[in-house]
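Note: the block below is target.csv and it holds CSV, C-alpha atoms.
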```csv
chain,number,residue,atom,x,y,z
A,1,MET,CA,169.4,96.3,56.4
A,2,ILE,CA,168.0,97.3,59.8
A,3,ASN,CA,165.5,99.6,58.1
A,4,LEU,CA,164.1,96.9,55.8
A,5,PHE,CA,163.9,94.7,58.8
A,6,PHE,CA,161.9,97.3,60.7
A,7,ALA,CA,159.5,97.6,57.9
A,8,LEU,CA,159.0,93.9,57.5
A,9,ILE,CA,158.5,93.4,61.2
A,10,GLY,CA,156.0,96.2,61.2
A,11,ILE,CA,154.0,94.7,58.4
A,12,LEU,CA,154.0,91.3,60.1
A,13,ILE,CA,152.8,92.8,63.4
A,14,GLY,CA,150.2,94.7,61.4
A,15,VAL,CA,149.0,91.6,59.7
A,16,VAL,CA,148.6,89.8,63.0
A,17,ILE,CA,146.8,92.7,64.5
A,18,GLY,CA,144.5,92.9,61.5
A,19,PHE,CA,143.6,89.3,61.6
A,20,LEU,CA,142.9,89.6,65.3
A,21,LEU,CA,140.7,92.7,64.9
A,22,PRO,CA,137.1,91.9,64.0
A,23,TYR,CA,136.7,94.9,61.7
A,24,THR,CA,136.1,94.6,58.0
A,25,TYR,CA,134.9,97.1,55.4
A,26,ASP,CA,132.4,96.8,52.6
A,27,THR,CA,133.7,94.7,49.7
A,28,THR,CA,132.8,97.5,47.2
A,29,TYR,CA,135.7,99.5,48.6
A,30,SER,CA,138.3,96.7,48.3
A,31,LEU,CA,139.6,98.0,45.0
A,32,TYR,CA,140.2,101.4,46.4
A,33,VAL,CA,141.8,100.1,49.5
A,34,SER,CA,144.1,97.7,47.6
A,35,VAL,CA,145.3,100.6,45.4
A,36,ALA,CA,145.8,102.7,48.5
A,37,ILE,CA,147.8,99.9,50.1
A,38,LEU,CA,150.1,99.9,47.1
A,39,ALA,CA,150.6,103.7,47.4
A,40,CYS,CA,151.4,103.3,51.1
A,41,LEU,CA,153.9,100.6,50.5
A,42,ASP,CA,155.6,102.8,48.0
A,43,SER,CA,155.7,105.6,50.6
A,44,VAL,CA,157.3,103.3,53.2
A,45,PHE,CA,159.9,102.1,50.7
A,46,GLY,CA,160.6,105.7,49.8
A,47,GLY,CA,160.9,106.5,53.5
A,48,ILE,CA,163.4,103.6,54.0
A,49,ARG,CA,165.4,104.9,51.1
A,50,SER,CA,165.5,108.5,52.3
A,51,ASN,CA,166.5,107.3,55.7
A,52,LEU,CA,169.4,105.4,54.3
A,53,GLU,CA,170.3,108.5,52.3
A,54,ASN,CA,170.1,110.5,55.6
A,55,ASN,CA,167.5,113.0,54.3
A,56,PHE,CA,164.4,111.5,55.9
A,57,ASN,CA,161.8,114.2,56.4
A,58,ILE,CA,158.8,113.4,58.5
A,59,ARG,CA,156.6,115.9,56.7
A,60,ILE,CA,157.4,114.6,53.3
A,61,PHE,CA,156.9,111.1,54.5
A,62,LEU,CA,153.5,111.8,56.1
A,63,SER,CA,152.1,113.9,53.3
A,64,GLY,CA,153.3,111.2,50.8
A,65,PHE,CA,151.9,108.4,52.8
A,66,PHE,CA,148.4,109.8,53.1
A,67,GLY,CA,148.3,112.0,50.0
A,68,ASN,CA,149.4,109.2,47.7
A,69,ALA,CA,146.9,106.7,49.3
A,70,ILE,CA,144.0,109.1,49.0
A,71,LEU,CA,144.9,110.1,45.4
A,72,ALA,CA,145.2,106.5,44.4
A,73,ALA,CA,141.9,105.5,46.0
A,74,PHE,CA,140.3,108.6,44.4
A,75,LEU,CA,141.6,107.7,41.0
A,76,ALA,CA,140.3,104.2,41.3
A,77,TYR,CA,136.9,105.6,42.4
A,78,LEU,CA,136.8,108.1,39.5
A,79,GLY,CA,137.8,105.4,37.1
A,80,ASP,CA,134.9,103.3,38.3
A,81,ARG,CA,132.5,106.2,37.8
A,82,LEU,CA,133.8,107.0,34.3
A,83,GLY,CA,134.1,103.4,33.2
A,84,VAL,CA,137.8,103.7,32.5
A,85,PRO,CA,140.2,101.6,34.6
A,86,LEU,CA,142.1,104.7,35.9
A,87,TYR,CA,143.5,102.7,38.8
A,88,TYR,CA,146.0,101.2,36.3
A,89,ALA,CA,147.7,104.6,36.5
A,90,ALA,CA,148.2,104.2,40.2
A,91,ILE,CA,149.3,100.6,39.9
A,92,PHE,CA,151.9,101.3,37.2
A,93,THR,CA,153.2,104.5,38.9
A,94,PHE,CA,153.5,103.1,42.4
A,95,GLY,CA,154.5,99.6,41.3
A,96,GLY,CA,157.2,101.1,39.2
A,97,ARG,CA,158.4,103.4,41.9
A,98,LEU,CA,158.3,100.6,44.4
A,99,PHE,CA,160.9,98.6,42.4
A,100,GLU,CA,162.9,101.7,41.7
A,101,ASN,CA,163.1,102.5,45.4
A,102,PHE,CA,164.0,98.9,46.2
A,103,ALA,CA,166.7,99.0,43.6
A,104,LYS,CA,168.2,102.1,45.2
A,105,ILE,CA,168.0,100.6,48.6
A,106,ARG,CA,169.8,97.5,47.4
A,107,ARG,CA,172.5,99.6,45.8
A,108,ILE,CA,173.0,101.7,49.0
A,109,LEU,CA,173.2,98.6,51.2
A,110,LEU,CA,175.6,96.8,48.8
A,111,PHE,CA,177.8,99.9,48.5
A,112,ARG,CA,177.9,100.3,52.2
A,113,GLY,CA,178.9,96.7,52.7
A,114,LYS,CA,181.8,97.2,50.3
A,115,LYS,CA,182.9,100.3,52.1
A,116,SER,CA,183.0,98.6,55.4
A,117,ASN,CA,185.1,95.8,54.0
B,1,MET,CA,157.5,119.3,64.5
B,2,LYS,CA,160.6,117.7,65.8
B,3,ASN,CA,162.3,114.9,63.8
B,4,PRO,CA,161.5,111.7,65.7
B,5,ASN,CA,163.4,108.5,65.0
B,6,PRO,CA,162.5,107.6,61.4
B,7,LYS,CA,162.8,103.9,62.2
B,8,ILE,CA,159.9,104.1,64.7
B,9,ILE,CA,157.8,106.1,62.2
B,10,LEU,CA,158.5,103.6,59.5
B,11,THR,CA,157.6,100.7,61.8
B,12,LEU,CA,154.4,102.3,62.9
B,13,PHE,CA,153.2,103.0,59.3
B,14,SER,CA,154.3,99.5,58.3
B,15,ILE,CA,152.0,98.2,61.0
B,16,MET,CA,149.2,100.3,59.5
B,17,ILE,CA,149.8,98.8,56.1
B,18,GLY,CA,149.9,95.3,57.6
B,19,VAL,CA,146.5,95.9,59.2
B,20,PHE,CA,145.0,97.0,55.9
B,21,ILE,CA,146.5,94.1,54.1
B,22,SER,CA,145.2,91.5,56.5
B,23,THR,CA,141.7,93.0,56.6
B,24,GLN,CA,141.8,92.8,52.8
B,25,ILE,CA,142.9,89.2,52.9
B,26,LYS,CA,140.3,88.4,55.5
B,27,MET,CA,137.4,89.3,53.3
B,28,LYS,CA,138.3,86.5,50.8
B,29,LEU,CA,137.7,88.7,47.7
B,30,GLU,CA,136.9,87.3,44.4
B,31,THR,CA,139.5,88.3,41.8
B,32,ILE,CA,138.5,91.5,40.1
B,33,THR,CA,138.8,91.4,36.3
B,34,PRO,CA,138.0,94.2,34.0
B,35,ILE,CA,134.8,93.9,32.0
B,36,THR,CA,135.3,93.2,28.4
B,37,ILE,CA,132.8,93.3,25.5
B,38,ARG,CA,133.1,89.6,25.3
B,39,SER,CA,132.3,89.0,28.9
B,40,LEU,CA,129.3,91.4,28.5
B,41,GLN,CA,128.0,89.4,25.6
B,42,THR,CA,128.4,86.0,27.4
B,43,MET,CA,126.6,87.5,30.4
B,44,LYS,CA,123.9,88.7,28.1
B,45,ALA,CA,123.5,85.3,26.5
B,46,GLU,CA,123.4,83.7,30.0
B,47,ILE,CA,120.7,86.1,31.0
B,48,ASN,CA,118.7,85.3,27.9
B,49,ALA,CA,119.0,81.6,28.5
B,50,LEU,CA,117.9,82.0,32.0
B,51,ASN,CA,114.9,84.1,30.9
B,52,ASN,CA,114.0,81.4,28.4
B,53,GLU,CA,114.2,78.8,31.1
B,54,ILE,CA,111.9,80.8,33.3
B,55,ALA,CA,109.4,81.2,30.5
B,56,GLU,CA,109.5,77.5,29.9
B,57,LEU,CA,109.0,76.8,33.6
B,58,ASN,CA,106.1,79.2,33.7
B,59,ASN,CA,104.5,77.3,30.8
B,60,ILE,CA,104.9,74.0,32.7
B,61,ILE,CA,103.3,75.7,35.7
B,62,LYS,CA,100.4,76.7,33.5
B,63,MET,CA,100.1,73.1,32.1
B,64,LYS,CA,100.2,71.6,35.6
B,65,GLU,CA,97.5,74.1,36.8
B,66,GLU,CA,95.3,73.0,33.9
B,67,GLU,CA,95.9,69.4,34.8
B,68,LEU,CA,95.1,70.2,38.4
B,69,ALA,CA,91.8,71.9,37.4
B,70,LEU,CA,90.9,68.9,35.3
B,71,LEU,CA,91.6,66.6,38.2
B,72,GLU,CA,89.5,68.8,40.5
B,73,ASN,CA,86.7,68.6,38.0
B,74,ILE,CA,86.9,64.8,38.1
B,75,ALA,CA,86.8,64.9,41.9
B,76,LYS,CA,83.7,67.0,41.8
B,77,GLY,CA,82.1,64.7,39.3
B,78,ASP,CA,81.8,67.2,36.4
B,79,ASP,CA,84.0,65.3,34.0
B,80,ASN,CA,83.8,61.6,33.2
B,81,ILE,CA,87.1,59.9,34.2
B,82,ILE,CA,86.7,57.2,31.5
B,83,ASN,CA,86.7,59.7,28.7
B,84,ILE,CA,89.8,61.3,30.1
B,85,LEU,CA,91.6,58.0,30.5
B,86,LEU,CA,90.6,57.0,27.0
B,87,GLU,CA,92.1,60.2,25.6
B,88,ASP,CA,95.2,59.4,27.7
B,89,ILE,CA,95.5,56.0,26.1
B,90,LYS,CA,95.1,57.4,22.7
B,91,TYR,CA,97.9,60.0,23.4
B,92,ASN,CA,100.2,57.3,24.8
B,93,LYS,CA,99.5,54.9,22.0
B,94,ILE,CA,100.4,57.5,19.4
B,95,HIS,CA,103.6,58.5,21.1
B,96,SER,CA,104.7,54.9,21.8
B,97,GLY,CA,104.2,53.9,18.2
B,98,LYS,CA,101.2,51.6,18.8
B,99,THR,CA,99.0,53.2,16.2
B,100,ALA,CA,99.5,53.6,12.5
B,101,LEU,CA,100.0,57.2,11.5
B,102,GLU,CA,99.4,59.3,8.4
B,103,GLY,CA,100.7,62.7,7.4
B,104,PRO,CA,103.0,64.6,5.0
B,105,GLY,CA,106.6,63.7,4.8
B,106,ILE,CA,109.3,62.2,2.6
B,107,ILE,CA,110.1,58.7,1.2
B,108,ILE,CA,113.7,57.8,0.8
B,109,LYS,CA,114.6,54.8,-1.4
B,110,MET,CA,118.1,53.5,-0.8
B,111,TYR,CA,119.6,50.7,-2.8
B,112,ASP,CA,123.1,49.2,-3.3
B,113,ASN,CA,125.2,50.5,-6.2
B,114,PRO,CA,123.7,48.7,-9.2
B,115,GLU,CA,126.7,49.2,-11.5
B,116,GLU,CA,128.9,46.3,-12.4
B,117,ARG,CA,132.3,46.4,-10.9
B,118,PRO,CA,135.5,44.8,-12.1
B,119,PHE,CA,136.7,41.7,-10.2
B,120,GLY,CA,138.6,42.5,-7.0
B,121,TYR,CA,136.8,45.8,-6.3
B,122,ASP,CA,136.1,46.5,-2.7
B,123,LEU,CA,132.5,45.4,-2.3
B,124,ASN,CA,132.0,47.3,1.0
B,125,GLU,CA,131.8,50.6,-0.7
B,126,ASP,CA,128.8,49.6,-2.8
B,127,VAL,CA,126.7,48.1,-0.1
B,128,ILE,CA,124.4,50.0,2.3
B,129,HIS,CA,125.5,49.4,5.9
B,130,ASP,CA,123.6,49.6,9.1
B,131,VAL,CA,125.6,52.8,9.9
B,132,ASP,CA,124.3,54.5,6.8
B,133,ILE,CA,120.7,53.8,7.8
B,134,LEU,CA,121.4,54.9,11.4
B,135,ASN,CA,122.9,58.2,10.2
B,136,ILE,CA,120.0,58.9,7.9
B,137,ILE,CA,117.5,58.1,10.7
B,138,ASN,CA,119.3,60.4,13.0
B,139,ASP,CA,119.4,63.2,10.5
B,140,LEU,CA,115.6,62.8,10.0
B,141,ARG,CA,115.1,62.9,13.8
B,142,ILE,CA,117.2,66.1,14.0
B,143,ALA,CA,115.0,67.6,11.3
B,144,GLY,CA,111.9,66.8,13.5
B,145,ALA,CA,110.6,63.6,12.0
B,146,GLU,CA,107.6,62.5,14.1
B,147,ALA,CA,107.3,58.9,12.9
B,148,ILE,CA,109.8,56.8,10.9
B,149,SER,CA,109.5,53.4,9.3
B,150,ILE,CA,112.0,51.3,7.3
B,151,ASN,CA,110.5,48.8,4.9
B,152,ASN,CA,107.2,49.2,6.7
B,153,GLU,CA,108.8,48.4,10.0
B,154,ARG,CA,108.1,51.1,12.6
B,155,VAL,CA,111.3,52.6,14.1
B,156,LEU,CA,110.9,53.4,17.7
B,157,SER,CA,113.3,54.8,20.3
B,158,THR,CA,114.1,51.3,21.3
B,159,SER,CA,114.4,49.9,17.8
B,160,GLU,CA,117.7,48.3,16.9
B,161,ILE,CA,119.2,48.6,13.4
B,162,LYS,CA,121.6,45.7,13.1
B,163,CYS,CA,123.9,44.6,10.4
B,164,GLY,CA,123.3,41.1,9.2
B,165,GLY,CA,125.5,40.7,6.2
B,166,PRO,CA,123.6,41.6,3.1
B,167,ILE,CA,120.5,42.3,5.2
B,168,ILE,CA,119.6,44.7,8.0
B,169,ARG,CA,117.6,43.7,11.1
B,170,ILE,CA,115.1,46.2,12.5
B,171,ASN,CA,112.9,45.3,15.5
B,172,GLY,CA,114.2,41.7,15.2
B,173,ARG,CA,113.0,41.4,11.6
B,174,SER,CA,115.2,41.2,8.6
B,175,SER,CA,115.0,43.6,5.7
B,176,ALA,CA,116.9,43.6,2.5
B,177,THR,CA,117.8,46.2,-0.1
B,178,PRO,CA,116.1,48.4,-1.4
B,179,PHE,CA,115.3,50.1,1.9
B,180,VAL,CA,112.4,52.4,1.8
B,181,ILE,CA,112.5,54.9,4.7
B,182,LYS,CA,109.3,56.8,5.3
B,183,ALA,CA,109.2,59.8,7.7
B,184,ILE,CA,106.4,62.1,8.7
B,185,GLY,CA,107.3,65.6,9.5
B,186,ASP,CA,107.8,69.0,7.8
B,187,PRO,CA,108.6,67.7,4.2
B,188,LYS,CA,110.8,70.5,3.2
B,189,VAL,CA,113.0,70.3,6.3
B,190,LEU,CA,113.2,66.5,6.1
B,191,TYR,CA,114.1,66.7,2.4
B,192,ALA,CA,116.8,69.3,3.2
B,193,ALA,CA,118.1,67.2,6.1
B,194,VAL,CA,119.1,64.3,3.8
B,195,ASN,CA,119.8,66.1,0.5
B,196,ALA,CA,121.6,69.4,1.4
B,197,PRO,CA,125.3,69.5,0.4
B,198,GLY,CA,127.4,68.1,3.2
B,199,THR,CA,124.7,65.9,4.8
B,200,TYR,CA,125.2,62.2,5.1
B,201,GLY,CA,122.7,61.5,2.4
B,202,ASP,CA,124.7,63.7,0.0
B,203,LEU,CA,127.8,61.8,1.0
B,204,LEU,CA,126.2,58.5,0.0
B,205,LYS,CA,125.7,59.7,-3.5
B,206,ILE,CA,129.4,60.2,-3.9
B,207,TYR,CA,129.8,56.4,-3.2
B,208,ASN,CA,127.3,55.8,-6.0
B,209,ILE,CA,124.8,54.3,-3.6
B,210,GLY,CA,121.2,54.6,-4.8
B,211,PHE,CA,119.5,57.4,-2.9
B,212,GLU,CA,116.1,58.8,-4.1
B,213,THR,CA,114.0,61.2,-2.1
B,214,SER,CA,110.5,62.1,-2.9
B,215,ILE,CA,108.1,64.4,-1.0
B,216,GLU,CA,104.6,63.0,-0.4
B,217,ASP,CA,101.5,64.6,0.8
B,218,SER,CA,100.2,61.6,2.6
B,219,ILE,CA,102.4,58.8,4.0
B,220,TYR,CA,101.2,55.8,5.8
B,221,ILE,CA,103.4,54.5,8.6
B,222,PRO,CA,102.4,51.2,10.3
B,223,ALA,CA,102.1,50.6,14.0
B,224,TYR,CA,104.7,48.8,16.0
B,225,THR,CA,103.6,45.2,16.3
B,226,GLY,CA,106.0,44.0,19.0
B,227,ASP,CA,105.6,44.1,22.7
B,228,PHE,CA,107.1,46.3,25.3
B,229,GLN,CA,108.5,44.4,28.1
B,230,PHE,CA,110.9,45.8,30.8
B,231,ARG,CA,112.7,43.1,32.6
B,232,TYR,CA,115.2,45.1,34.5
B,233,ALA,CA,114.0,48.7,34.5
B,234,LYS,CA,111.5,49.5,37.3
B,235,PRO,CA,109.5,52.7,37.4
B,236,LEU,CA,110.7,55.2,40.0
B,237,GLY,CA,108.4,57.7,41.7
B,238,LYS,CA,104.7,58.4,41.0
B,239,ASP,CA,105.1,61.5,38.8
B,240,ASP,CA,104.7,61.1,35.1
```
Do you think you could lay out the structure here as structure tokens?
Amino acid sequence: MINLFFALIGILIGVVIGFLLPYTYDTTYSLYVSVAILACLDSVFGGIRSNLENNFNIRIFLSGFFGNAILAAFLAYLGDRLGVPLYYAAIFTFGGRLFENFAKIRRILLFRGKKSN
Amino acid sequence: MKNPNPKIILTLFSIMIGVFISTQIKMKLETITPITIRSLQTMKAEINALNNEIAELNNIIKMKEEELALLENIAKGDDNIINILLEDIKYNKIHSGKTALEGPGIIIKMYDNPEERPFGYDLNEDVIHDVDILNIINDLRIAGAEAISINNERVLSTSEIKCGGPIIRINGRSSATPFVIKAIGDPKVLYAAVNAPGTYGDLLKIYNIGFETSIEDSIYIPAYTGDFQFRYAKPLGKDD
């Protein structure tokens, strides 16, 4: 539970910071960034899961976080160039994995609760 | 690399995601939808319509420029203002229906169903109503009729066509069957507008109402004899 709580608090703090910061980027990149955000979210959920499973590895997490984000953004960009909505691939993959990770986190937390009872 | 507390790492990166999300939200993006062939076509149609509008506006600019040149000539004293005003009057009279007109067109003769009916038969189906005339007139106007008369009574944009029992009132005057509608315009188009299958004129034939159309090379349409008087409407602005 604590892990999810940390992630949520972190996102909330980040949102506040983002709103306070005056920086914005060009709207043409918004699609790439939004796909990258999805990839990052997936990585964080994966991180939470691995932490709960006690096999969290900082290297795997970092490489996944940045690598996935960059790959997703690149796919979106490439799709734009080719005229094929390739970012769907990223959306389906990371979206699916997001729910998968969440399902596993739920199971771990529920199982743990039963154990402690 | 030592393994730091994963919770701190996760929090830090969550903050990063949050920053990205909020910057994204801040930009107030329009929703992105994939381009379909349909949307491409509608966009194309829109562009075409806009281009047509631009062309029309350019024409208006040209017309106005010509007008301006004319006015400048008047100011210089090259053109006689009386001649120009007389031409203006002529133009306005033609378009307001104050002159008799002549030209090619069609003559429609409409009359009630002449057949004898058994007692008790609904009479309404055999009689020409004001609505029938109105629909025919409207069809003629759609087909580009430039001048229309009914029983030698000029039909203007302000003319009423009113049911008065067995008669019909146009411009305040009563007309009785048979109604002779004359229209100046492209004869073929006018003929088709009231005779083609599915048109109102075609429908009237099903009800056995007399409906005869003939194409004429020269039709005489009389002038409007009434007066124009606006009691409530007042002109606004100086532009024509």
Within 8 Å of chain B, which residues of chain A show up? Give each one with its shortest atom-to-atom distance in Å (one decimal) and the two atoms involved, counting all atoms listed in the file, rows by chain then rising residue number, as a tab-separated table.
```
residue	atom	partner	partner_atom	distance
A:Asn3	CA	B:Lys7	CA	6.5
A:Phe6	CA	B:Thr11	CA	5.6
A:Ala7	CA	B:Thr11	CA	5.3
A:Leu8	CA	B:Ser14	CA	7.4
A:Ile9	CA	B:Thr11	CA	7.4
A:Gly10	CA	B:Ile15	CA	4.5
A:Ile11	CA	B:Gly18	CA	4.2
A:Leu12	CA	B:Gly18	CA	6.2
A:Ile13	CA	B:Ile15	CA	6.0
A:Gly14	CA	B:Gly18	CA	3.9
A:Val15	CA	B:Gly18	CA	4.3
A:Val16	CA	B:Val19	CA	7.5
A:Ile17	CA	B:Val19	CA	6.2
A:Gly18	CA	B:Val19	CA	4.3
A:Phe19	CA	B:Ser22	CA	5.8
A:Tyr23	CA	B:Thr23	CA	7.4
A:Thr24	CA	B:Thr23	CA	6.0
A:Thr27	CA	B:Met27	CA	7.5
A:Ser30	CA	B:Gln24	CA	6.9
A:Val33	CA	B:Phe20	CA	7.8
A:Ser34	CA	B:Gln24	CA	7.5
A:Ile37	CA	B:Ile17	CA	6.4
A:Cys40	CA	B:Ile17	CA	6.9
A:Leu41	CA	B:Ile17	CA	7.2
A:Val44	CA	B:Leu10	CA	6.4
A:Gly47	CA	B:Leu10	CA	7.1
A:Ile48	CA	B:Leu10	CA	7.4
A:Asn51	CA	B:Pro6	CA	7.0
A:Phe56	CA	B:Pro6	CA	7.0
A:Asn57	CA	B:Asn3	CA	7.4
A:Ile58	CA	B:Asn3	CA	6.5
A:Pro85	CA	B:Pro34	CA	7.7
```
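In this model, the gap between CA of Asp126 (chain B) and CA of Tyr200 (chain B) comes to 15.3 Å.
Here CA of Ala89 (chain A) stands at a distance of 22.9 Å from CA of Arg49 (chain A).
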Students should find that CA of Ala76 (chain A) and CA of Tyr32 (chain A) are spaced 5.8 Å
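For the point (99.2, 63.9, 2.5), the residues with an atom at a distance of at most 7 Å are Gly103, Pro104, Glu216, Asp217, Ser218 and Ile219 of chain B, counting only C-alpha atoms.
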Selection: 7 Å around Phe65 (chain A), all atoms listed in the file, excl. self and same-chain fewer than 4 positions, as a compact mmCIF listing (two decimals) with C-alpha atoms, in the frame of the given file:
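Output file around.txt is given in full below:
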```
# COMPACT_ATOMS: atom_id res chain seq x y z
CA CYS A 40 151.40 103.30 51.10
CA SER A 43 155.70 105.60 50.60
CA PHE A 61 156.90 111.10 54.50
CA ALA A 69 146.90 106.70 49.30
```
Using only C-alpha atoms, which residues sit within 10 Å of Ala147 (chain B) once same-chain residues fewer than 2 positions away are excluded, as JSON, numbers by chain?
-> {"B": [94, 95, 97, 100, 101, 102, 103, 105, 140, 141, 144, 145, 149, 154, 155, 156, 182, 183, 184, 185, 220, 221, 222, 223]}
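Distances from A:Arg112, A:Lys104, A:Arg81, A:Arg97 to Ser50 (chain A) were compared using all atoms listed in the file, and the smallest one belongs to A:Lys104.
Remark: for Asp139 (chain B), the closest of the candidate residues B:Lys76, B:Thr42, B:Gly198, B:Pro235 is B:Gly198 (distances computed over only C-alpha atoms).
Considering the residues A:Leu78, A:Leu110, A:Leu98, A:Ala72 and counting only C-alpha atoms, Ala36 (chain A) has its shortest atom-to-atom contact with A:Ala72.
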